[in-house]
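Here's final_33.txt, which has compact mmCIF, C-alpha atoms:
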# COMPACT_ATOMS: atom_id res chain seq x y z
CA MET A 1 50.64 171.47 115.39
CA ASP A 2 48.87 168.55 117.13
CA SER A 3 51.29 166.08 118.72
CA TYR A 4 50.86 162.57 120.13
CA LEU A 5 53.37 160.93 122.41
CA ILE A 6 53.75 157.14 122.36
CA GLN A 7 55.79 156.00 125.34
CA VAL A 8 57.11 152.49 125.91
CA ASN A 9 58.60 152.08 129.35
CA GLY A 10 61.58 149.74 129.59
CA HIS A 11 61.50 146.94 132.14
CA GLY A 12 64.59 144.86 132.79
CA ASP A 13 65.98 143.82 129.41
CA ARG A 14 63.22 145.45 127.40
CA ALA A 15 63.70 148.50 125.20
CA PRO A 16 63.89 151.90 126.93
CA VAL A 17 61.42 154.72 126.47
CA LEU A 18 60.44 155.29 122.82
CA ASP A 19 59.04 158.73 122.00
CA VAL A 20 57.29 159.18 118.67
CA HIS A 21 55.90 162.62 117.79
CA LEU A 22 53.38 162.67 114.96
CA ASN A 23 52.58 165.87 113.15
CA THR A 24 48.92 165.73 112.19
CA SER A 25 48.56 169.27 110.88
CA GLY A 26 49.51 168.29 107.34
CA ASN A 27 52.37 170.85 107.21
CA ASN A 28 56.08 170.16 107.17
CA MET A 29 55.53 166.38 107.39
CA SER A 30 58.96 164.82 107.98
CA LEU A 31 58.13 161.36 109.39
CA GLY A 32 60.04 158.59 107.61
CA LYS A 33 62.36 160.93 105.72
CA VAL A 34 66.07 160.43 106.04
CA LYS A 35 68.12 163.58 106.04
CA GLY A 36 69.86 164.12 102.72
CA ARG A 37 68.09 161.21 101.00
CA LYS A 38 65.89 161.78 97.99
CA PRO A 39 63.18 159.09 97.78
CA ARG A 40 63.21 157.12 94.55
CA TRP A 41 61.74 153.93 93.17
CA ALA A 42 64.14 150.98 93.34
CA VAL A 43 62.09 147.85 92.61
CA ARG A 44 64.25 145.04 91.26
CA ALA A 45 63.72 141.37 90.53
CA SER A 46 65.10 139.05 93.20
CA GLU A 47 68.37 137.20 92.79
CA MET A 48 66.44 133.91 92.89
CA SER A 49 64.30 134.97 89.94
CA LYS A 50 67.40 136.06 88.02
CA LYS A 51 69.00 132.67 88.62
CA THR A 52 65.92 130.78 87.44
CA PHE A 53 66.61 129.60 83.93
CA ASN A 54 64.76 126.95 81.91
CA PRO A 55 67.01 125.78 79.06
CA VAL A 56 64.12 124.24 77.12
CA ARG A 57 62.20 127.50 77.05
CA ALA A 58 65.35 129.51 76.34
CA ILE A 59 66.23 127.37 73.33
CA VAL A 60 62.71 126.85 71.99
CA ASP A 61 61.72 130.51 72.39
CA SER A 62 64.81 131.59 70.48
CA MET A 63 63.97 129.34 67.53
CA LYS A 64 62.53 132.03 65.26
CA VAL A 65 61.27 129.74 62.52
CA GLU A 66 57.96 129.38 60.74
CA PRO A 67 56.67 125.93 59.74
CA ASN A 68 56.16 125.08 56.08
CA PRO A 69 52.72 126.53 55.26
CA LYS A 70 52.11 123.70 52.79
CA LYS A 71 52.37 121.03 55.51
CA ALA A 72 50.35 120.68 58.69
CA MET A 73 52.45 121.04 61.82
CA ILE A 74 53.32 117.82 63.67
CA SER A 75 54.70 118.49 67.13
CA LEU A 76 56.75 115.67 68.64
CA SER A 77 58.18 117.97 71.30
CA LEU A 78 55.77 118.23 74.23
CA GLY A 79 55.79 115.58 76.96
CA ASP A 80 52.05 115.88 77.55
CA PRO A 81 50.21 112.65 76.65
CA THR A 82 46.82 114.40 76.51
CA VAL A 83 47.54 116.83 73.66
CA PHE A 84 46.12 114.85 70.75
CA GLY A 85 43.27 113.15 72.60
CA ASN A 86 44.32 109.63 71.66
CA LEU A 87 45.36 108.77 75.23
CA PRO A 88 42.43 109.70 77.50
CA THR A 89 42.44 108.80 81.17
CA ASN A 90 40.17 106.02 82.41
CA ASP A 91 36.48 106.60 83.18
CA GLU A 92 37.05 105.43 86.77
CA VAL A 93 39.53 108.26 87.23
CA THR A 94 37.20 111.00 86.01
CA GLN A 95 34.21 109.49 87.82
CA ALA A 96 36.13 109.53 91.10
CA VAL A 97 36.75 113.28 90.76
CA LYS A 98 33.12 113.95 89.81
CA GLU A 99 31.88 112.18 92.91
CA VAL A 100 34.26 114.08 95.15
CA LEU A 101 33.24 117.39 93.58
CA ASP A 102 29.55 116.62 94.03
CA SER A 103 30.06 115.60 97.65
CA GLY A 104 31.22 119.09 98.64
CA ARG A 105 33.43 117.54 101.31
CA TYR A 106 36.79 118.58 99.88
CA ASN A 107 36.47 122.31 99.29
CA GLY A 108 38.51 123.50 102.25
CA TYR A 109 42.13 123.44 103.28
CA ALA A 110 43.81 120.11 103.91
CA PRO A 111 46.93 119.59 106.01
CA SER A 112 49.89 120.90 104.00
CA VAL A 113 51.31 117.38 103.61
CA GLY A 114 47.93 116.02 102.50
CA TYR A 115 44.94 114.36 104.11
CA GLN A 116 45.89 111.46 106.36
CA SER A 117 43.54 109.10 104.51
CA CYS A 118 45.09 110.05 101.16
CA ARG A 119 48.61 109.53 102.45
CA GLU A 120 47.48 106.13 103.72
CA ALA A 121 46.13 105.30 100.26
CA VAL A 122 49.42 106.17 98.56
CA ALA A 123 51.43 104.27 101.18
CA ALA A 124 49.23 101.20 100.74
CA TYR A 125 49.56 101.37 96.95
CA TYR A 126 53.37 101.52 96.92
CA SER A 127 54.26 99.59 100.08
CA CYS A 128 55.87 96.18 99.65
CA PRO A 129 57.88 93.86 101.92
CA GLU A 130 61.15 95.07 100.37
CA ALA A 131 60.27 98.74 100.90
CA PRO A 132 57.47 99.15 103.45
CA LEU A 133 55.64 102.47 103.69
CA GLU A 134 53.24 104.08 106.15
CA ALA A 135 51.23 107.28 105.88
CA GLN A 136 53.97 109.20 107.74
CA ASP A 137 56.35 108.30 104.89
CA VAL A 138 54.22 110.13 102.29
CA ILE A 139 54.17 113.85 101.50
CA LEU A 140 51.54 114.89 98.92
CA THR A 141 52.61 117.68 96.58
CA SER A 142 51.36 119.83 93.73
CA GLY A 143 52.60 117.55 90.96
CA CYS A 144 55.86 115.64 90.72
CA SER A 145 57.73 118.85 89.90
CA GLN A 146 56.93 120.23 93.34
CA ALA A 147 57.91 116.91 94.88
CA ILE A 148 61.33 117.27 93.24
CA GLU A 149 61.58 120.89 94.38
CA LEU A 150 60.79 120.05 98.01
CA ALA A 151 63.12 117.04 98.02
CA LEU A 152 65.93 119.13 96.57
CA ALA A 153 65.28 122.01 98.96
CA VAL A 154 65.35 119.78 102.04
CA LEU A 155 68.54 117.95 101.04
CA ALA A 156 70.78 120.71 99.68
CA ASN A 157 71.98 124.11 100.85
CA PRO A 158 73.31 126.98 98.71
CA GLY A 159 76.95 126.28 97.93
CA GLN A 160 76.50 122.51 97.92
CA ASN A 161 76.25 120.45 94.73
CA ILE A 162 73.97 117.77 93.34
CA LEU A 163 74.63 115.06 90.74
CA VAL A 164 72.31 115.25 87.72
CA PRO A 165 72.06 112.97 84.64
CA ARG A 166 73.21 114.10 81.20
CA PRO A 167 71.02 113.92 79.18
CA GLY A 168 68.39 114.68 81.77
CA PHE A 169 65.18 116.52 82.59
CA SER A 170 65.98 120.24 82.54
CA LEU A 171 63.95 121.08 85.67
CA TYR A 172 66.63 119.65 87.97
CA LYS A 173 69.12 122.28 86.87
CA THR A 174 66.50 125.04 86.77
CA LEU A 175 65.53 124.43 90.39
CA ALA A 176 69.05 123.91 91.69
CA LEU A 177 70.57 127.04 90.18
CA SER A 178 67.69 129.17 91.46
CA MET A 179 68.52 127.92 94.96
CA GLY A 180 72.25 128.60 94.62
CA ILE A 181 73.06 124.88 94.37
CA GLU A 182 75.79 123.77 91.95
CA VAL A 183 74.93 121.12 89.35
CA LYS A 184 77.41 118.41 88.39
CA LEU A 185 76.40 116.46 85.30
CA TYR A 186 77.14 112.73 85.14
CA ASN A 187 77.06 110.97 81.78
CA LEU A 188 74.58 108.42 80.50
CA LEU A 189 75.85 106.03 77.82
CA PRO A 190 73.74 105.73 74.64
CA GLU A 191 75.67 102.65 73.51
CA LYS A 192 74.57 100.91 76.73
CA SER A 193 70.89 101.89 76.48
CA TRP A 194 71.58 105.02 78.51
CA GLU A 195 73.01 103.32 81.58
CA ILE A 196 74.94 105.61 83.96
CA ASP A 197 78.69 105.93 83.50
CA LEU A 198 79.33 104.81 87.08
CA LYS A 199 83.02 105.74 87.16
CA HIS A 200 82.21 109.25 85.97
CA LEU A 201 79.38 109.50 88.49
CA GLU A 202 81.57 108.53 91.43
CA SER A 203 84.41 110.83 90.31
CA LEU A 204 82.11 113.83 90.74
CA VAL A 205 81.34 113.23 94.42
CA ASP A 206 83.04 115.54 96.91
CA GLU A 207 82.48 116.80 100.44
CA LYS A 208 79.85 119.26 99.19
CA THR A 209 77.71 116.70 97.35
CA ALA A 210 74.19 116.78 98.84
CA CYS A 211 72.39 114.16 96.75
CA LEU A 212 72.29 112.11 93.58
CA ILE A 213 69.29 112.61 91.28
CA MET A 214 68.35 109.47 89.39
CA ASN A 215 65.55 109.38 86.80
CA ASN A 216 64.19 105.91 85.98
CA PRO A 217 62.42 105.36 83.59
CA SER A 218 64.04 108.29 81.87
CA ASN A 219 62.96 111.53 80.33
CA PRO A 220 64.35 112.19 77.69
CA CYS A 221 65.84 108.77 76.97
CA GLY A 222 62.95 106.33 77.39
CA SER A 223 65.42 103.98 79.09
CA VAL A 224 64.72 101.61 81.98
CA PHE A 225 67.54 100.51 84.28
CA SER A 226 68.02 96.81 85.01
CA LYS A 227 68.04 95.47 88.55
CA SER A 228 71.79 94.85 88.37
CA HIS A 229 72.50 98.39 87.20
CA LEU A 230 70.36 99.88 89.96
CA GLN A 231 72.30 97.81 92.49
CA LYS A 232 75.55 99.28 91.14
CA ILE A 233 74.13 102.80 91.50
CA LEU A 234 73.19 102.01 95.08
CA ALA A 235 76.69 100.71 95.74
CA VAL A 236 78.15 104.07 94.69
CA ALA A 237 75.66 105.96 96.87
CA SER A 238 76.41 103.67 99.81
CA ARG A 239 80.20 103.99 99.47
CA GLN A 240 80.01 107.77 99.22
CA CYS A 241 77.20 108.22 101.79
CA VAL A 242 75.13 110.24 99.32
CA PRO A 243 71.30 110.08 99.52
CA ILE A 244 69.27 109.50 96.37
CA LEU A 245 66.50 111.68 94.99
CA ALA A 246 64.70 109.23 92.70
CA ASP A 247 62.49 110.77 90.02
CA GLU A 248 60.17 107.84 89.32
CA ILE A 249 57.26 109.68 87.73
CA TYR A 250 57.34 107.14 84.86
CA GLY A 251 57.42 104.19 87.26
CA ASP A 252 55.64 101.11 85.85
CA MET A 253 55.42 102.78 82.41
CA VAL A 254 57.65 100.12 80.88
CA PHE A 255 57.15 97.90 77.88
CA ALA A 256 56.24 94.23 78.19
CA ASP A 257 59.76 92.90 77.56
CA CYS A 258 61.17 94.95 80.45
CA LYS A 259 60.69 95.12 84.23
CA TYR A 260 60.59 98.24 86.37
CA GLU A 261 62.29 98.04 89.76
CA PRO A 262 61.67 100.87 92.26
CA ILE A 263 65.16 101.60 93.52
CA ALA A 264 64.06 101.63 97.17
CA THR A 265 63.17 97.93 96.96
CA LEU A 266 66.83 97.06 96.35
CA SER A 267 68.48 98.76 99.34
CA THR A 268 68.04 98.97 103.09
CA ASN A 269 70.94 101.29 103.87
CA VAL A 270 70.73 104.13 101.30
CA PRO A 271 68.14 106.78 102.24
CA ILE A 272 65.91 107.64 99.28
CA LEU A 273 63.30 110.27 98.51
CA SER A 274 61.21 108.85 95.65
CA CYS A 275 59.13 111.37 93.68
CA GLY A 276 56.09 110.37 91.66
CA GLY A 277 52.52 111.35 90.84
CA LEU A 278 49.42 110.86 88.74
CA ALA A 279 50.60 112.85 85.70
CA LYS A 280 51.96 110.22 83.35
CA ARG A 281 50.70 106.77 84.30
CA TRP A 282 47.15 108.04 84.81
CA LEU A 283 47.43 110.56 81.94
CA VAL A 284 46.32 113.64 83.92
CA PRO A 285 49.36 115.96 84.14
CA GLY A 286 47.18 119.04 84.60
CA TRP A 287 45.66 117.74 87.80
CA ARG A 288 48.93 118.49 89.65
CA MET A 289 49.00 115.60 92.10
CA GLY A 290 52.39 114.28 93.17
CA TRP A 291 54.08 112.75 96.17
CA ILE A 292 57.35 112.09 97.95
CA LEU A 293 57.90 108.61 99.39
CA ILE A 294 60.42 108.61 102.24
CA HIS A 295 62.51 105.43 102.40
CA ASP A 296 64.79 105.56 105.43
CA ARG A 297 65.00 102.15 107.08
CA ARG A 298 68.33 102.94 108.80
CA ASP A 299 66.96 106.23 110.18
CA ILE A 300 69.66 108.24 108.41
CA PHE A 301 67.26 111.03 107.50
CA GLY A 302 65.78 110.88 110.99
CA ASN A 303 63.23 113.45 112.08
CA GLU A 304 65.17 116.35 110.64
CA ILE A 305 64.40 115.61 106.97
CA ARG A 306 60.77 114.75 107.73
CA ASP A 307 60.32 117.94 109.73
CA GLY A 308 62.02 119.89 106.96
CA LEU A 309 59.64 118.49 104.35
CA LEU A 310 56.70 119.37 106.58
CA ARG A 311 57.87 122.96 106.93
CA LEU A 312 58.58 123.31 103.21
CA SER A 313 55.15 121.90 102.34
CA GLN A 314 53.56 124.70 104.35
CA ARG A 315 54.76 127.26 101.82
CA ILE A 316 51.80 126.54 99.51
CA LEU A 317 49.48 124.72 101.95
CA GLY A 318 49.28 121.48 100.03
CA PRO A 319 47.99 120.17 96.69
CA CYS A 320 44.48 120.22 95.22
CA THR A 321 41.99 118.81 97.73
CA ILE A 322 39.50 117.66 95.06
CA VAL A 323 42.07 115.32 93.51
CA GLN A 324 43.21 114.24 96.98
CA GLY A 325 39.65 113.19 97.76
CA ALA A 326 39.60 111.01 94.65
CA LEU A 327 43.07 109.57 95.15
CA GLU A 328 42.18 106.30 96.90
CA HIS A 329 39.55 105.52 94.25
CA ILE A 330 42.00 106.34 91.43
CA LEU A 331 44.82 104.23 92.83
CA HIS A 332 42.80 101.18 93.74
CA ARG A 333 39.95 101.05 91.21
CA THR A 334 41.59 101.95 87.92
CA PRO A 335 41.35 98.70 85.93
CA PRO A 336 44.59 96.94 84.87
CA GLU A 337 43.37 97.00 81.25
CA PHE A 338 43.78 100.78 81.21
CA TYR A 339 47.49 100.59 82.01
CA HIS A 340 47.96 97.71 79.58
CA ASN A 341 46.24 99.54 76.72
CA THR A 342 48.27 102.70 77.27
CA LEU A 343 51.53 100.79 77.24
CA SER A 344 50.48 98.83 74.14
CA ILE A 345 49.97 102.08 72.24
CA LEU A 346 53.29 103.51 73.44
CA LYS A 347 55.17 100.30 72.60
CA SER A 348 53.63 100.15 69.13
CA ASN A 349 54.52 103.80 68.46
CA ALA A 350 58.03 103.28 69.81
CA ASP A 351 58.60 100.28 67.53
CA LEU A 352 57.24 102.10 64.49
CA CYS A 353 59.33 105.18 65.16
CA TYR A 354 62.50 103.26 65.93
CA ALA A 355 62.20 101.12 62.80
CA ALA A 356 61.46 104.09 60.54
CA LEU A 357 64.25 106.29 61.87
CA SER A 358 66.77 103.44 61.88
CA ALA A 359 66.35 103.18 58.11
CA ILE A 360 67.29 106.83 57.53
CA PRO A 361 70.95 107.49 56.66
CA GLY A 362 72.58 109.84 59.15
CA LEU A 363 70.28 109.05 62.07
CA GLN A 364 70.90 106.59 64.92
CA PRO A 365 67.88 106.18 67.24
CA VAL A 366 68.35 104.47 70.60
CA ARG A 367 65.60 101.92 71.25
CA PRO A 368 63.45 102.93 74.25
CA ALA A 369 62.17 100.51 76.89
CA GLY A 370 59.56 102.70 78.58
CA ALA A 371 58.27 106.20 79.37
CA MET A 372 57.14 108.29 76.36
CA TYR A 373 60.29 109.21 74.44
CA LEU A 374 63.18 108.11 72.32
CA MET A 375 66.45 109.85 71.56
CA VAL A 376 67.96 110.04 68.08
CA GLU A 377 71.60 110.74 67.32
CA ILE A 378 72.34 113.01 64.36
CA GLU A 379 75.55 112.02 62.60
CA MET A 380 76.48 115.66 62.13
CA GLU A 381 79.40 114.88 59.83
CA HIS A 382 76.82 113.82 57.23
CA PHE A 383 74.87 117.07 57.59
CA PRO A 384 77.69 119.62 57.27
CA GLU A 385 75.42 122.56 56.44
CA PHE A 386 74.09 122.47 60.02
CA GLU A 387 76.25 123.61 62.91
CA ASN A 388 74.41 121.62 65.57
CA ASP A 389 71.19 119.89 66.62
CA VAL A 390 69.41 123.22 67.16
CA GLU A 391 69.97 124.28 63.53
CA PHE A 392 69.01 120.78 62.34
CA THR A 393 65.67 120.84 64.20
CA GLU A 394 64.98 124.45 63.17
CA ARG A 395 65.29 123.54 59.51
CA LEU A 396 63.19 120.43 60.08
CA ILE A 397 60.40 122.74 61.23
CA SER A 398 60.75 125.27 58.43
CA GLU A 399 60.95 122.66 55.66
CA GLN A 400 58.82 119.76 56.95
CA SER A 401 56.69 121.24 59.78
CA VAL A 402 57.92 118.58 62.20
CA PHE A 403 59.00 119.79 65.63
CA CYS A 404 61.38 117.64 67.69
CA LEU A 405 63.27 119.00 70.69
CA PRO A 406 67.00 119.46 70.12
CA ALA A 407 68.80 117.53 72.84
CA THR A 408 70.88 120.60 73.66
CA CYS A 409 67.81 121.25 75.87
CA PHE A 410 68.96 118.23 77.89
CA GLU A 411 72.68 119.12 77.89
CA TYR A 412 73.31 116.54 75.14
CA PRO A 413 74.06 118.13 71.75
CA ASN A 414 73.71 116.43 68.37
CA PHE A 415 70.69 114.36 69.36
CA PHE A 416 66.98 115.14 69.27
CA ARG A 417 64.08 113.81 71.34
CA VAL A 418 60.87 112.38 69.90
CA VAL A 419 57.65 112.12 71.92
CA ILE A 420 55.80 108.90 71.07
CA THR A 421 52.36 109.70 72.50
CA VAL A 422 50.95 111.07 69.24
CA PRO A 423 48.50 109.02 67.11
CA GLU A 424 50.05 106.31 64.95
CA GLU A 425 49.26 108.00 61.64
CA MET A 426 51.09 111.13 62.84
CA ILE A 427 54.12 109.09 63.87
CA LEU A 428 54.26 107.54 60.40
CA GLU A 429 53.78 110.87 58.63
CA ALA A 430 56.39 112.58 60.79
CA CYS A 431 58.95 109.83 60.17
CA SER A 432 58.26 110.04 56.43
CA ARG A 433 58.93 113.78 56.48
CA ILE A 434 62.08 113.34 58.57
CA GLN A 435 63.30 110.83 55.98
CA GLU A 436 62.61 113.27 53.16
CA PHE A 437 64.44 116.00 55.06
CA CYS A 438 67.49 113.84 55.74
CA GLU A 439 67.68 112.58 52.17
CA MET A 440 67.64 116.19 50.99
CA HIS A 441 70.54 117.25 53.25
CA TYR A 442 72.56 114.06 53.73
CA HIS A 443 76.11 113.95 52.40
CA GLY A 444 78.23 110.82 52.30
CA ALA A 445 81.79 110.88 53.58
CA GLU A 446 83.20 112.42 50.40
CA GLY A 447 80.39 114.95 50.00
CA ALA A 448 80.74 116.04 53.61
CA GLN A 449 84.49 116.58 53.18
CA ASP A 450 83.89 118.62 50.03
CA MET A 451 81.46 120.89 51.86
CA GLU A 452 83.92 121.36 54.72
CA CYS A 453 86.54 122.43 52.16
CA ASP A 454 84.06 124.86 50.60
CA LYS A 455 83.59 126.50 53.98

Do you think you could lay out the structure here as C-alpha cells?
Amino acid sequence: MDSYLIQVNGHGDRAPVLDVHLNTSGNNMSLGKVKGRKPRWAVRASEMSKKTFNPVRAIVDSMKVEPNPKKAMISLSLGDPTVFGNLPTNDEVTQAVKEVLDSGRYNGYAPSVGYQSCREAVAAYYSCPEAPLEAQDVILTSGCSQAIELALAVLANPGQNILVPRPGFSLYKTLALSMGIEVKLYNLLPEKSWEIDLKHLESLVDEKTACLIMNNPSNPCGSVFSKSHLQKILAVASRQCVPILADEIYGDMVFADCKYEPIATLSTNVPILSCGGLAKRWLVPGWRMGWILIHDRRDIFGNEIRDGLLRLSQRILGPCTIVQGALEHILHRTPPEFYHNTLSILKSNADLCYAALSAIPGLQPVRPAGAMYLMVEIEMEHFPEFENDVEFTERLISEQSVFCLPATCFEYPNFFRVVITVPEEMILEACSRIQEFCEMHYHGAEGAQDMECDK
C-alpha cells in the first residue's frame, strides 16, 4: 500500500504531532470509519423548522371546502392590495425603478444595512423634531417582515418572552416560536375600537419580558390608536423598562377623520424599533423593501443593539438593490394625490362594508379607522349549527363563494376579517351574499335554544 505521512509539529501551546496515514491502494479503506458503527442516513429537519408554524396557513390549508360552482369566487382574505388591479402604484414609483434598472448602477452588492444614500433618504423622510433620525438610525431590510424578524432577533433570547396583541398579525408568533421565544398575548378591546387592555398588558410583564410588540394602524383590526392611548402605552413601557417593537407598516394609511401618530414622536425615554416599508402605502408588497428606524434618544440601546442589527443584517446581505436605488425618488416624488386617492377608495369601501354588515342580524362589525381591514363579530348563539368561526367561514365559501379569514387565525375566535381593497362592486356583491347566508342560518333567541336542545 502507498502511504503518506502528514506531520504537524507542536510549538508551545499548539497541538502535538498529528500523523495521518492514507491508504491509496483502494483496498481495505478504513479512513473515517468508527469501529462497530454501521453508517446510515440520518437527515432530519432542524428544531427551528419544526417550531416554525404559521396559524393562517395551518387553518386555511385545512379548510377542505369547494366554492359554490354557480357563483364566482370573491376572496376577501388576502392582505395584498394589488390582487384585483384596482389599486395600482403611482407612475412615479414605477418610473423610478425603470430608470435605476436602465442605469445599470445598482446590479451589485450593497452594504448589508443598505446604501448610505438610501438610508439618508429614509431618515430624511421620517425625521421630525419630535423624533429626529439620521442615516445611522436606519437599517434597510427585505420587506417589513424581515424588519420585524431582525428587531425581534436582536431584542429577545430563547427562553425570554414578548408581548403580542390579540387579535394580531400571526407572523409575530410564527417568528418568536421558531426562535424559542415565548409569546404572551395581551387583549385588544373591540368595544373600545380595539384599544389595548392596558391592565392586562402590564400584568403580563415579568423579568423575562424582552419587548412589547405594538401594531398601529392594525392588521387585522383596521384600528388607529389615539395620541392619548399611545401615551398610556408608553407609560406602561416606561414603568416596566420594556422596549417597544412598533410595527408601523400601515403608518399614514388612516382615514380623513383620524390622525396617525408615530409612537416615537411621543416619547424621549422609551427605546423603540419602528418597522415599516413600501409594501402597503406605496402598494408594492412584492418589491420587498422595508426598514427599521432606531429611536434611542436616551442611549438605552447603545451600540450593542445597533451592532447586533448590523450583524443580523449580514445573514442575507441586504435587500434588493434595484429598489434601493429608486427609494429616494419614490419617497420624495410620489405625488400627494396618489396617497389621497388610495385612502379615498379604502374609506369608501370601509363605509360601504361597515354599513352593509351592520344591517345583517347576527353580525357586529367594528368600524375601522385605517389600514385595509375590518373585523366582524359573529354572534355565535344565533348560528347554533356552527361550532366556531372556522366552520362559519367554511360554509360561507361552500354556499356563497365568499372567502373571509376566520379570526381564529389571529387568536381571536368568533370573528372574521374582511379585506377592503377589492373593487367596490365586489364589496357590494360579497356583502349581499353574506347577508343571504346569514338570513339562511340565523336563529333568534328561541330558535337557537331549540336547536341546542335538539343537539

Distance in Å - CA of Ala350 (chain A) versus CA of Asp257 (chain A): 13.1 Å

Within 7 Å of Ile181 (chain A) using all atoms listed in the file, minus same-chain residues under 5 positions, as a PyMOL selection string: chain A and resi 157-161+176

Quick one: residues within 9 Å of Asp351 (chain A), all atoms listed in the file counted, chain neighbours fewer than 5 positions away excluded, as a PDB file with C-alpha atoms, in the coordinates of the input?
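Contents of around_19.pdb, as written:
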ATOM      1  CA  LEU A 346      53.290 103.510  73.440  1.00  0.00           C
ATOM      2  CA  ALA A 356      61.460 104.090  60.540  1.00  0.00           C
ATOM      3  CA  ARG A 367      65.600 101.920  71.250  1.00  0.00           C
ATOM      4  CA  PRO A 368      63.450 102.930  74.250  1.00  0.00           C
TER       5      PRO A 368
END

Report as a PyMOL selection string all protein, DNA and RNA residues lying within 12 Å of Leu76 (chain A), evaluated on all atoms listed in the file, omitting residues in the same chain fewer than 3 positions from it. chain A and resi 73+79-81+83-84+353+372-375+393+396-397+401-406+416-423+426-431+434

Separation of CA of Lys232 (chain A) and CA of Asn219 (chain A), in Å?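 Here the two named atoms are 20.6 Å from each other.
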
Between CA of Asn187 (chain A) and CA of Val270 (chain A), distance in Å (one decimal):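 It comes out at 21.6 Å.
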
With only C-alpha atoms as the atoms that count, which of A:Tyr109, A:Trp282, A:Tyr172, A:Tyr126 lies nearest to Thr52 (chain A)?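 Once distances to Thr52 (chain A) are computed over only C-alpha atoms, the minimum belongs to A:Tyr172.
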
Sort by chain and increasing residue number a table of all residues of region 67-164 of chain A within 10 Å of region 326-343 of chain A, each with its closest pair of atoms and their distance in Å to one decimal, counting all atoms listed in the file, and write it as CSV.
residue,atom,partner,partner_atom,distance
A:Asn86,CA,A:Thr342,CA,9.8
A:Leu87,CA,A:Thr342,CA,7.0
A:Pro88,CA,A:Thr342,CA,9.1
A:Thr89,CA,A:Phe338,CA,8.1
A:Asn90,CA,A:Phe338,CA,6.5
A:Asp91,CA,A:Thr334,CA,8.4
A:Glu92,CA,A:Thr334,CA,5.8
A:Val93,CA,A:Ile330,CA,5.2
A:Thr94,CA,A:Ile330,CA,8.6
A:Gln95,CA,A:Ala326,CA,8.8
A:Ala96,CA,A:Ala326,CA,5.2
A:Val97,CA,A:Ala326,CA,5.3
A:Lys98,CA,A:Ala326,CA,8.6
A:Glu99,CA,A:Ala326,CA,8.0
A:Val100,CA,A:Ala326,CA,6.2
A:Leu101,CA,A:Ala326,CA,9.1
A:Tyr106,CA,A:Ala326,CA,9.6
A:Ser117,CA,A:Glu328,CA,8.2
A:Cys118,CA,A:Leu327,CA,6.4
A:Arg119,CA,A:Glu328,CA,9.1
A:Glu120,CA,A:Glu328,CA,8.6
A:Ala121,CA,A:Glu328,CA,5.3
A:Val122,CA,A:Glu328,CA,7.4
A:Ala124,CA,A:His332,CA,9.5
A:Tyr125,CA,A:Leu331,CA,6.9
A:Tyr126,CA,A:Leu331,CA,9.9

Could you tell me which of A:Phe437, A:Phe383, A:Ser228, A:Ser238 comes closest to Ser398 (chain A) if we count all atoms listed in the file? A:Phe437

What's around Pro111 (chain A) at 12 Å? Count only C-alpha atoms, leave out sequence neighbours fewer than 6 positions away in its own chain, and write the answer as a PyMOL selection string. chain A and resi 117-119+139-141+310-311+313-321+324

Find the residues around Ile233 (chain A) up to 12 Å (all atoms listed in the file counted), leave out those fewer than 3 positions away in its own chain, and share them as a JSON list (two decimals) with C-alpha atoms, in the frame of the given file.
[["chain", "number", "residue", "atom", "x", "y", "z"],
["A", 195, "GLU", "CA", 73.01, 103.32, 81.58],
["A", 196, "ILE", "CA", 74.94, 105.61, 83.96],
["A", 197, "ASP", "CA", 78.69, 105.93, 83.50],
["A", 198, "LEU", "CA", 79.33, 104.81, 87.08],
["A", 199, "LYS", "CA", 83.02, 105.74, 87.16],
["A", 200, "HIS", "CA", 82.21, 109.25, 85.97],
["A", 201, "LEU", "CA", 79.38, 109.50, 88.49],
["A", 202, "GLU", "CA", 81.57, 108.53, 91.43],
["A", 212, "LEU", "CA", 72.29, 112.11, 93.58],
["A", 213, "ILE", "CA", 69.29, 112.61, 91.28],
["A", 214, "MET", "CA", 68.35, 109.47, 89.39],
["A", 215, "ASN", "CA", 65.55, 109.38, 86.80],
["A", 216, "ASN", "CA", 64.19, 105.91, 85.98],
["A", 225, "PHE", "CA", 67.54, 100.51, 84.28],
["A", 226, "SER", "CA", 68.02, 96.81, 85.01],
["A", 227, "LYS", "CA", 68.04, 95.47, 88.55],
["A", 228, "SER", "CA", 71.79, 94.85, 88.37],
["A", 229, "HIS", "CA", 72.50, 98.39, 87.20],
["A", 230, "LEU", "CA", 70.36, 99.88, 89.96],
["A", 236, "VAL", "CA", 78.15, 104.07, 94.69],
["A", 237, "ALA", "CA", 75.66, 105.96, 96.87],
["A", 238, "SER", "CA", 76.41, 103.67, 99.81],
["A", 239, "ARG", "CA", 80.20, 103.99, 99.47],
["A", 240, "GLN", "CA", 80.01, 107.77, 99.22],
["A", 242, "VAL", "CA", 75.13, 110.24, 99.32],
["A", 243, "PRO", "CA", 71.30, 110.08, 99.52],
["A", 244, "ILE", "CA", 69.27, 109.50, 96.37],
["A", 246, "ALA", "CA", 64.70, 109.23, 92.70],
["A", 263, "ILE", "CA", 65.16, 101.60, 93.52],
["A", 264, "ALA", "CA", 64.06, 101.63, 97.17],
["A", 266, "LEU", "CA", 66.83, 97.06, 96.35],
["A", 267, "SER", "CA", 68.48, 98.76, 99.34],
["A", 270, "VAL", "CA", 70.73, 104.13, 101.30]]

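Shortest atom-to-atom contact with Glu424 (chain A) among A:Arg166, A:Val43, A:Ser344, A:Lys51: A:Ser344, counting all atoms listed in the file.
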
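Nearest-residue note for Leu177 (chain A): choosing from A:Gly222, A:Pro413, A:Gly370, A:Pro55, the minimum distance belongs to A:Pro55, counting only C-alpha atoms.
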
Using only C-alpha atoms, give me every residue within 8 Å of (75.8, 119.7, 90.0) in file coordinates, as a PyMOL selection string. chain A and resi 161-164+173+181-185
